[in-house]
>>> print(open('start26.txt').read())   # compact mmCIF, C-alpha atoms and all ligand atoms
# COMPACT_ATOMS: atom_id res chain seq x y z
CA MET A 1 -19.19 1.75 25.06
CA LEU A 2 -15.70 2.53 26.37
CA SER A 3 -16.78 3.11 29.97
CA ASP A 4 -15.12 -0.06 31.28
CA GLU A 5 -11.94 0.24 29.23
CA THR A 6 -8.45 1.42 30.11
CA VAL A 7 -6.66 2.69 27.02
CA ALA A 8 -2.86 2.69 26.83
CA VAL A 9 -1.68 5.04 24.08
CA ILE A 10 1.85 3.88 23.25
CA GLY A 11 3.74 6.67 21.45
CA ALA A 12 1.48 9.67 22.04
CA GLY A 13 2.72 11.88 19.18
CA ASN A 14 0.49 13.50 16.54
CA ILE A 15 -1.99 10.68 16.03
CA GLY A 16 -1.94 9.47 19.65
CA ARG A 17 -2.56 12.96 20.94
CA ALA A 18 -5.38 13.50 18.43
CA MET A 19 -7.03 10.30 19.64
CA ILE A 20 -6.70 11.22 23.32
CA GLY A 21 -8.15 14.68 22.63
CA GLY A 22 -10.98 13.40 20.45
CA MET A 23 -12.08 10.65 22.83
CA ILE A 24 -12.03 12.96 25.85
CA ARG A 25 -13.72 15.94 24.11
CA SER A 26 -16.51 13.72 22.79
CA GLU A 27 -16.88 12.17 26.25
CA ARG A 28 -16.33 8.69 24.89
CA ILE A 29 -13.80 8.22 27.63
CA ALA A 30 -12.86 9.89 30.93
CA PRO A 31 -9.29 11.21 31.25
CA GLU A 32 -8.68 8.79 34.13
CA GLN A 33 -9.14 5.88 31.68
CA VAL A 34 -6.15 6.97 29.57
CA VAL A 35 -2.48 6.23 30.12
CA ALA A 36 -0.11 7.69 27.53
CA THR A 37 3.58 7.02 26.86
CA ARG A 38 6.47 8.45 24.92
CA ARG A 39 10.19 8.75 25.71
CA SER A 40 10.23 12.51 26.28
CA ALA A 41 9.15 13.28 29.86
CA GLY A 42 8.78 16.97 28.98
CA ALA A 43 6.34 16.20 26.18
CA LEU A 44 4.36 14.00 28.58
CA ASP A 45 4.14 16.91 31.04
CA GLU A 46 2.63 19.03 28.26
CA LEU A 47 0.19 16.24 27.45
CA ARG A 48 -0.99 16.09 31.07
CA GLU A 49 -1.44 19.86 31.06
CA ALA A 50 -3.52 19.66 27.88
CA PHE A 51 -5.65 16.78 29.17
CA PRO A 52 -5.86 17.02 32.97
CA GLY A 53 -6.57 13.69 34.62
CA ILE A 54 -4.78 11.41 32.16
CA ARG A 55 -1.85 9.37 33.41
CA THR A 56 1.48 9.41 31.61
CA THR A 57 4.67 7.41 31.88
CA THR A 58 7.85 6.81 29.93
CA ASP A 59 7.51 3.13 30.85
CA ASN A 60 5.58 1.24 28.14
CA VAL A 61 5.41 -1.92 30.26
CA GLU A 62 3.76 -0.10 33.15
CA ALA A 63 1.25 1.44 30.74
CA VAL A 64 0.10 -1.81 29.14
CA ARG A 65 -0.06 -3.90 32.30
CA ASN A 66 -3.70 -3.16 33.21
CA ALA A 67 -4.87 -1.85 29.86
CA SER A 68 -7.80 -3.44 28.04
CA ILE A 69 -7.03 -1.53 24.82
CA ILE A 70 -3.47 -0.94 23.58
CA LEU A 71 -3.38 1.84 20.98
CA LEU A 72 -0.05 1.62 19.13
CA THR A 73 0.73 5.06 17.68
CA ILE A 74 4.51 4.77 17.43
CA LYS A 75 6.27 4.97 14.05
CA PRO A 76 6.53 1.66 12.13
CA GLN A 77 10.32 1.78 12.60
CA SER A 78 9.90 1.56 16.41
CA ARG A 79 7.57 -1.44 16.18
CA SER A 80 10.01 -4.29 16.85
CA GLU A 81 11.60 -2.60 19.83
CA VAL A 82 8.31 -1.59 21.45
CA VAL A 83 6.44 -4.84 20.79
CA THR A 84 9.35 -6.90 22.13
CA GLU A 85 9.33 -4.72 25.23
CA ILE A 86 5.60 -4.99 26.00
CA ARG A 87 4.42 -8.33 24.62
CA GLU A 88 4.93 -10.37 27.80
CA HIS A 89 2.95 -7.81 29.80
CA VAL A 90 -0.12 -7.37 27.60
CA THR A 91 -3.26 -9.12 28.82
CA ARG A 92 -4.15 -11.91 26.35
CA THR A 93 -7.68 -10.56 25.85
CA ALA A 94 -6.54 -6.94 25.46
CA LEU A 95 -7.43 -5.41 22.12
CA VAL A 96 -4.38 -4.18 20.21
CA VAL A 97 -5.25 -1.28 17.89
CA SER A 98 -2.44 -0.44 15.49
CA VAL A 99 -2.11 2.64 13.28
CA LEU A 100 1.31 1.50 12.02
CA ALA A 101 1.43 2.12 8.27
CA GLY A 102 1.97 -1.08 6.31
CA VAL A 103 2.12 -3.45 9.29
CA THR A 104 -0.33 -6.34 8.97
CA THR A 105 -2.48 -7.78 11.76
CA GLU A 106 -0.87 -11.16 11.04
CA ARG A 107 2.59 -9.75 11.70
CA LEU A 108 1.44 -8.13 14.95
CA GLN A 109 -0.39 -11.30 16.05
CA MET A 110 2.81 -13.28 15.46
CA ALA A 111 4.76 -10.72 17.46
CA PHE A 112 2.33 -10.75 20.38
CA GLY A 113 1.84 -14.50 20.18
CA SER A 114 -1.23 -16.66 20.91
CA GLU A 115 -4.60 -15.33 19.79
CA GLN A 116 -4.23 -11.61 20.52
CA PRO A 117 -7.06 -9.61 18.93
CA VAL A 118 -5.55 -6.98 16.63
CA VAL A 119 -7.36 -4.28 14.64
CA ARG A 120 -5.43 -2.37 11.99
CA VAL A 121 -6.35 1.26 11.53
CA MET A 122 -5.30 3.87 9.00
CA PRO A 123 -6.24 7.36 10.16
CA ASN A 124 -4.94 10.66 8.78
CA THR A 125 -3.75 13.91 10.35
CA PRO A 126 -6.99 15.91 9.89
CA ALA A 127 -7.99 13.78 12.90
CA LEU A 128 -6.19 16.56 14.82
CA VAL A 129 -9.17 18.82 14.02
CA ASP A 130 -11.79 16.05 14.25
CA GLU A 131 -11.99 15.80 10.42
CA GLY A 132 -10.07 12.57 9.99
CA ALA A 133 -10.73 9.89 7.37
CA THR A 134 -10.06 6.49 8.95
CA ALA A 135 -10.30 2.93 7.68
CA ILE A 136 -10.31 -0.07 10.02
CA ALA A 137 -9.80 -3.79 9.38
CA GLY A 138 -9.99 -6.68 11.83
CA GLY A 139 -7.46 -9.48 12.17
CA ALA A 140 -8.00 -13.24 12.57
CA PHE A 141 -8.94 -13.04 16.25
CA THR A 142 -11.26 -10.05 16.26
CA ASP A 143 -15.05 -10.08 16.25
CA ASP A 144 -17.73 -7.50 15.41
CA GLY A 145 -17.58 -6.20 18.99
CA HIS A 146 -13.90 -5.35 18.62
CA LEU A 147 -14.55 -3.56 15.33
CA MET A 148 -17.46 -1.61 16.83
CA THR A 149 -15.26 -0.50 19.72
CA VAL A 150 -12.53 0.74 17.37
CA LYS A 151 -15.07 2.44 15.08
CA HIS A 152 -16.50 4.24 18.11
CA MET A 153 -13.00 5.35 19.19
CA PHE A 154 -12.03 6.80 15.81
CA GLU A 155 -15.44 8.37 15.11
CA ALA A 156 -14.37 10.78 17.87
CA VAL A 157 -12.00 12.32 15.30
CA GLY A 158 -13.90 12.06 12.01
CA GLN A 159 -15.36 9.56 9.54
CA VAL A 160 -14.65 5.81 9.75
CA VAL A 161 -15.05 3.07 7.13
CA THR A 162 -14.55 -0.67 7.66
CA THR A 163 -12.64 -2.48 4.93
CA ARG A 164 -10.83 -5.72 4.09
CA GLU A 165 -7.29 -5.77 5.36
CA SER A 166 -5.97 -6.49 1.87
CA LEU A 167 -7.08 -2.95 0.92
CA MET A 168 -5.36 -1.18 3.80
CA ASP A 169 -2.23 -0.38 1.78
CA ALA A 170 -4.46 1.30 -0.81
CA VAL A 171 -6.14 3.28 1.98
CA THR A 172 -2.67 4.31 3.18
CA GLY A 173 -1.81 5.55 -0.31
CA LEU A 174 -5.10 7.42 -0.66
CA SER A 175 -6.34 8.94 2.61
CA GLY A 176 -3.47 8.12 5.00
CA SER A 177 -0.94 9.97 2.85
CA GLY A 178 -3.54 12.06 0.98
CA PRO A 179 -3.31 15.21 3.11
CA ALA A 180 0.28 15.65 1.83
CA TYR A 181 -0.97 15.81 -1.77
CA VAL A 182 -3.76 18.21 -0.85
CA TYR A 183 -1.29 20.52 0.96
CA MET A 184 0.82 20.60 -2.21
CA PHE A 185 -2.29 21.52 -4.19
CA ILE A 186 -3.16 24.32 -1.73
CA GLU A 187 0.42 25.57 -1.84
CA ALA A 188 0.42 25.59 -5.65
CA LEU A 189 -2.94 27.42 -5.79
CA THR A 190 -1.54 29.98 -3.34
CA ASP A 191 1.61 30.50 -5.42
CA ALA A 192 -0.55 30.95 -8.50
CA GLY A 193 -2.57 33.64 -6.70
CA VAL A 194 0.62 35.39 -5.62
CA GLN A 195 1.91 35.28 -9.18
CA GLN A 196 -1.31 36.95 -10.28
CA GLY A 197 -0.83 39.74 -7.74
CA LEU A 198 -2.76 38.62 -4.63
CA SER A 199 -1.07 38.95 -1.25
CA ARG A 200 0.18 35.63 0.11
CA ASP A 201 -2.23 35.75 3.08
CA VAL A 202 -5.25 36.38 0.90
CA ALA A 203 -4.17 33.76 -1.66
CA ALA A 204 -3.54 31.12 1.05
CA SER A 205 -6.88 31.76 2.70
CA LEU A 206 -8.78 31.61 -0.61
CA ALA A 207 -6.93 28.43 -1.65
CA ALA A 208 -7.54 26.52 1.61
CA GLN A 209 -11.19 27.56 1.83
CA THR A 210 -11.74 26.57 -1.82
CA VAL A 211 -10.46 23.05 -1.10
CA HIS A 212 -12.48 22.84 2.14
CA GLY A 213 -15.66 24.15 0.48
CA ALA A 214 -15.38 21.94 -2.60
CA ALA A 215 -14.84 18.84 -0.42
CA LYS A 216 -17.81 19.80 1.75
CA LEU A 217 -20.01 20.15 -1.35
CA VAL A 218 -19.02 16.65 -2.51
CA LEU A 219 -19.76 15.17 0.92
CA GLU A 220 -22.99 17.06 1.59
CA THR A 221 -24.65 16.85 -1.84
CA GLY A 222 -23.47 13.32 -2.62
CA LYS A 223 -23.05 14.48 -6.22
CA HIS A 224 -20.33 12.98 -8.40
CA PRO A 225 -17.34 15.38 -8.54
CA ALA A 226 -17.56 15.42 -12.35
CA ILE A 227 -21.10 16.83 -12.12
CA LEU A 228 -20.00 19.50 -9.67
CA ARG A 229 -17.09 20.34 -11.98
CA ASP A 230 -19.50 20.61 -14.95
CA GLU A 231 -21.59 23.04 -12.89
CA VAL A 232 -18.55 25.34 -12.53
CA THR A 233 -17.49 25.23 -16.16
CA THR A 234 -19.41 27.86 -18.15
CA PRO A 235 -19.13 27.45 -21.94
CA GLY A 236 -16.17 29.47 -23.17
CA GLY A 237 -15.42 30.44 -19.58
CA THR A 238 -12.42 30.52 -17.26
CA ALA A 239 -12.79 27.19 -15.43
CA ILE A 240 -12.98 25.07 -18.60
CA ALA A 241 -9.82 26.78 -19.90
CA ALA A 242 -7.99 25.76 -16.71
CA VAL A 243 -9.50 22.23 -16.72
CA SER A 244 -8.22 21.76 -20.27
CA GLU A 245 -4.72 22.84 -19.17
CA LEU A 246 -4.78 20.42 -16.18
CA GLU A 247 -5.93 17.55 -18.41
CA SER A 248 -3.23 18.26 -20.99
CA ARG A 249 -0.61 18.08 -18.19
CA GLY A 250 -1.92 14.72 -16.99
CA LEU A 251 -3.10 15.79 -13.51
CA ARG A 252 -5.32 12.72 -13.17
CA THR A 253 -2.60 10.23 -14.17
CA THR A 254 -0.06 11.97 -11.96
CA ILE A 255 -2.34 11.59 -8.92
CA ILE A 256 -3.18 7.97 -9.74
CA ASN A 257 0.54 7.17 -10.07
CA ALA A 258 1.32 8.98 -6.80
CA VAL A 259 -1.29 6.93 -4.90
CA ASN A 260 0.03 3.73 -6.53
CA THR A 261 3.57 4.60 -5.42
CA ALA A 262 2.47 5.31 -1.84
CA THR A 263 0.50 2.04 -1.79
CA GLU A 264 3.60 0.09 -2.87
CA ARG A 265 5.66 1.84 -0.21
CA SER A 266 3.09 0.83 2.41
CA ARG A 267 3.37 -2.82 1.27
CA ALA A 268 7.16 -2.63 1.50
CA LEU A 269 7.04 -1.26 5.07
CA ASN A 270 5.56 -4.56 6.28
CA GLU A 271 8.74 -6.33 5.17
CA GLU A 272 11.16 -3.92 6.90
N1 LIG A 301 1.02 11.23 10.46
C1 LIG A 301 0.21 10.70 9.57
O1 LIG A 301 -0.23 11.32 8.62
C2 LIG A 301 -0.25 9.29 9.75
C3 LIG A 301 -1.36 8.85 9.04
C4 LIG A 301 -1.76 7.54 9.23
C5 LIG A 301 -1.06 6.69 10.08
N2 LIG A 301 0.03 7.17 10.71
C6 LIG A 301 0.76 6.26 11.57
O2 LIG A 301 0.68 6.78 12.89
C7 LIG A 301 1.86 6.44 13.58
C8 LIG A 301 2.34 7.64 14.34
O3 LIG A 301 2.51 8.73 13.46
P1 LIG A 301 2.66 10.20 14.04
O4 LIG A 301 2.63 11.13 12.89
O5 LIG A 301 1.70 10.40 15.15
O6 LIG A 301 4.16 10.10 14.60
P2 LIG A 301 4.81 10.91 15.79
O7 LIG A 301 4.16 12.24 15.97
O8 LIG A 301 6.28 10.85 15.58
O9 LIG A 301 4.43 10.02 17.06
C9 LIG A 301 5.12 8.87 17.43
C10 LIG A 301 5.49 9.04 18.88
O10 LIG A 301 6.10 7.83 19.34
C11 LIG A 301 6.96 8.19 20.41
N3 LIG A 301 7.92 7.11 20.57
C12 LIG A 301 8.97 6.79 19.80
N4 LIG A 301 9.61 5.72 20.28
C13 LIG A 301 8.92 5.34 21.40
C14 LIG A 301 9.09 4.30 22.34
N5 LIG A 301 10.09 3.42 22.26
N6 LIG A 301 8.18 4.21 23.34
C15 LIG A 301 7.17 5.09 23.45
N7 LIG A 301 6.96 6.10 22.59
C16 LIG A 301 7.84 6.22 21.58
C17 LIG A 301 7.59 9.51 19.99
O11 LIG A 301 7.81 10.36 21.09
P3 LIG A 301 9.24 10.40 21.82
O12 LIG A 301 10.24 10.77 20.79
O13 LIG A 301 9.04 11.40 22.91
O14 LIG A 301 9.45 9.01 22.33
C18 LIG A 301 6.47 10.15 19.13
O15 LIG A 301 5.83 11.18 19.83
C19 LIG A 301 2.85 5.89 12.55
O16 LIG A 301 2.95 4.50 12.73
C20 LIG A 301 2.23 6.19 11.22
O17 LIG A 301 2.47 5.13 10.33
C21 LIG A 301 0.44 8.45 10.60
>>> encode(input="start26.txt", output="structure tokens", more="lines below")
Ligand SMILES: NC(=O)c1ccc[n+]([C@@H]2O[C@H](COP(=O)([O-])OP(=O)(O)OC[C@H]3O[C@@H](n4cnc5c(N)ncnc54)[C@H](OP(=O)(O)O)[C@@H]3O)[C@@H](O)[C@H]2O)c1
Amino acid sequence: MLSDETVAVIGAGNIGRAMIGGMIRSERIAPEQVVATRRSAGALDELREAFPGIRTTTDNVEAVRNASIILLTIKPQSRSEVVTEIREHVTRTALVVSVLAGVTTERLQMAFGSEQPVVRVMPNTPALVDEGATAIAGGAFTDDGHLMTVKHMFEAVGQVVTTRESLMDAVTGLSGSGPAYVYMFIEALTDAGVQQGLSRDVAASLAAQTVHGAAKLVLETGKHPAILRDEVTTPGGTAIAAVSELESRGLRTTIINAVNTATERSRALNEE
């Protein structure tokens, strides 16, 4: 599906690198079809060593000139500078794929001008280990073919859902930012184990595997998490005692409020 494409990865940091690695490892794309940029020449040398055959440059304009897909993986704060730099040099039919948190397709279309096809994507960092959760939404000038192409690209690094663009800020608050909340949970579980006398290594390993295993059970059985939780809670047992404590401390409301706050922040980023 990507065999005729040339992909310019603009800002090949964490997410850009994950995408390059995923697409090459899954043989969706040959290294020769990738050109990656960032400002640090040393970091680009490392990237070429990690993925022999890709081209790299510190010159964004050179990278986009012959690209059929422009993957924007810079930080939202660098958007104006980078888009201003490249917009005159992007082919009008090139597909712009943006992972910029909070930045709408409309805003990018206005920046690129004319009828540039833009797909907005919200991945997350587990994409680095091919376990990403990604949502994609098309803009005004994209068709099903564009969406299929982007789905295919991001399936190289995990699961992909297609959604309405109006829900992308919610996705950002949930799965885009979600790993941060899960890391805090793992850290807290680990500290609890240490407090109860486990070594930190053992506690950290048990905590991370518990989160991984529980998530896998949800995904593989398709059971509602509440049913799986009921299956763990023996009458008068340990788990129900802890569940009661978590409920009394408002765990659920705290998480809902955290996701709401991150969603609002994502909306605000579009205005900055
Ligand atoms: N991390 C996440 O959890 C996550 C989740 C979902 C979406 N996102 C989105 O993904 C994007 C990238 O996030 P990230 O975590 O991958 O950030 P990152 O690791 O900082 O990557 C951004 C890269 O852009 C490069 N860069 C900065 N200015 C540039 C310029 N003018 N021209 C070319 N390259 C430039 C930087 O490298 P140099 O300093 O060498 O230039 C850096 O490596 C963000 O827009 C974020 O909203 C991130």
>>> residues_near_ligand(input="start26.txt", ligand="ligand LIG 301 (chain A)", cutoff="9 Å", atoms="all atoms listed in the file", output="count of residues only")
53
>>> residues_around(input="start26.txt", residues="segment 163-167 of chain A", least_positions_apart="3", cutoff="12 Å", atoms="only C-alpha atoms", output="list in words")
Gly102, Val103, Thr104, Thr105, Glu106, Val118, Val119, Arg120, Val121, Met122, Thr134, Ala135, Ile136, Ala137, Gly138, Gly139, Ala140, Leu147, Lys151, Val160, Ala170, Val171, Thr172, Gly173, Leu174, Thr263, Glu264, Ser266 and Arg267 of chain A
>>> residues_around(input="start26.txt", residues="segment 181-196 of chain A", least_positions_apart="2", cutoff="10 Å", atoms="all atoms listed in the file", output="VMD selection string")
chain A and resid 174 to 175 177 to 179 198 to 211 255 258 to 259
>>> atom_distance(input="start26.txt", atom1="atom CA of Thr6 of chain A", atom2="atom CA of Thr142 of chain A")
18.2 Å
>>> atom_distance(input="start26.txt", atom1="atom CA of Ala241 of chain A", atom2="atom CA of Asn257 of chain A")
24.3 Å
>>> atom_distance(input="start26.txt", atom1="atom CA of Glu131 of chain A", atom2="atom CA of Glu27 of chain A")
17.0 Å
>>> residues_near_point(input="start26.txt", point="(-5.2, 3.5, 25.6)", cutoff="6 Å", atoms="all atoms listed in the file", output="list in words")
Thr6, Val7, Ala8, Val9, Val34, Val35, Ile69, Ile70 and Leu71 of chain A
>>> axis_aligned_box(input="start26.txt", around="segment 251-260 of chain A", padding_each_side="8 Å", output="AutoDock Vina command-line options")
--center_x -2.0 --center_y 9.8 --center_z -9.5 --size_x 22.6 --size_y 28.1 --size_z 25.3
>>> closest_residue(input="start26.txt", among="A:Ala156, A:Ala50, A:Val161, A:Leu217", to="Leu128 of chain A", atoms="all atoms listed in the file")
A:Ala156
>>> build_atoms(input="start26.txt", residues="segment 119-144 of chain A", atoms="N, CA and C atoms", output="short mmCIF file (atom, residue, chain, number, x, y, z; two decimals), in the frame of the given file")
data_model
loop_
_atom_site.label_atom_id
_atom_site.label_comp_id
_atom_site.auth_asym_id
_atom_site.auth_seq_id
_atom_site.Cartn_x
_atom_site.Cartn_y
_atom_site.Cartn_z
N VAL A 119 -6.66 -5.03 15.69
CA VAL A 119 -7.36 -4.28 14.64
C VAL A 119 -6.37 -3.29 14.03
N ARG A 120 -6.33 -3.29 12.69
CA ARG A 120 -5.43 -2.37 11.99
C ARG A 120 -6.23 -1.14 11.56
N VAL A 121 -5.64 0.00 11.79
CA VAL A 121 -6.35 1.26 11.53
C VAL A 121 -5.48 2.17 10.68
N MET A 122 -6.05 2.84 9.72
CA MET A 122 -5.30 3.87 9.00
C MET A 122 -6.06 5.19 9.10
N PRO A 123 -5.63 6.03 10.04
CA PRO A 123 -6.24 7.36 10.16
C PRO A 123 -5.48 8.37 9.29
N ASN A 124 -5.81 9.63 9.37
CA ASN A 124 -4.94 10.66 8.78
C ASN A 124 -4.92 11.89 9.68
N THR A 125 -4.00 12.81 9.39
CA THR A 125 -3.75 13.91 10.35
C THR A 125 -4.92 14.89 10.52
N PRO A 126 -5.84 15.06 9.57
CA PRO A 126 -6.99 15.91 9.89
C PRO A 126 -7.77 15.43 11.12
N ALA A 127 -7.44 14.24 11.61
CA ALA A 127 -7.99 13.78 12.90
C ALA A 127 -7.66 14.79 14.01
N LEU A 128 -6.58 15.55 13.82
CA LEU A 128 -6.19 16.56 14.82
C LEU A 128 -7.26 17.63 14.98
N VAL A 129 -8.08 17.84 13.94
CA VAL A 129 -9.17 18.82 14.02
C VAL A 129 -10.53 18.12 13.86
N ASP A 130 -10.56 16.86 14.27
CA ASP A 130 -11.79 16.05 14.25
C ASP A 130 -12.38 15.90 12.84
N GLU A 131 -11.53 15.97 11.80
CA GLU A 131 -11.99 15.80 10.42
C GLU A 131 -11.22 14.67 9.74
N GLY A 132 -10.85 13.68 10.52
CA GLY A 132 -10.07 12.57 9.99
C GLY A 132 -10.88 11.68 9.05
N ALA A 133 -10.15 10.96 8.19
CA ALA A 133 -10.73 9.89 7.37
C ALA A 133 -9.98 8.63 7.78
N THR A 134 -10.70 7.67 8.36
CA THR A 134 -10.06 6.49 8.95
C THR A 134 -10.66 5.23 8.36
N ALA A 135 -9.81 4.26 8.06
CA ALA A 135 -10.30 2.93 7.68
C ALA A 135 -9.83 1.94 8.73
N ILE A 136 -10.68 0.95 9.03
CA ILE A 136 -10.31 -0.07 10.02
C ILE A 136 -10.51 -1.46 9.41
N ALA A 137 -9.67 -2.40 9.84
CA ALA A 137 -9.80 -3.79 9.38
C ALA A 137 -9.43 -4.73 10.53
N GLY A 138 -10.24 -5.75 10.74
CA GLY A 138 -9.99 -6.68 11.83
C GLY A 138 -9.03 -7.78 11.42
N GLY A 139 -8.36 -8.36 12.42
CA GLY A 139 -7.46 -9.48 12.17
C GLY A 139 -8.19 -10.80 12.42
N ALA A 140 -7.42 -11.89 12.48
CA ALA A 140 -8.00 -13.24 12.57
C ALA A 140 -8.73 -13.48 13.89
N PHE A 141 -8.36 -12.77 14.93
CA PHE A 141 -8.94 -13.04 16.25
C PHE A 141 -9.83 -11.91 16.77
N THR A 142 -10.36 -11.12 15.83
CA THR A 142 -11.26 -10.05 16.26
C THR A 142 -12.69 -10.41 15.85
N ASP A 143 -13.65 -9.88 16.60
CA ASP A 143 -15.05 -10.08 16.25
C ASP A 143 -15.72 -8.73 16.00
N ASP A 144 -17.02 -8.75 15.72
CA ASP A 144 -17.73 -7.50 15.41
C ASP A 144 -17.66 -6.52 16.58
#
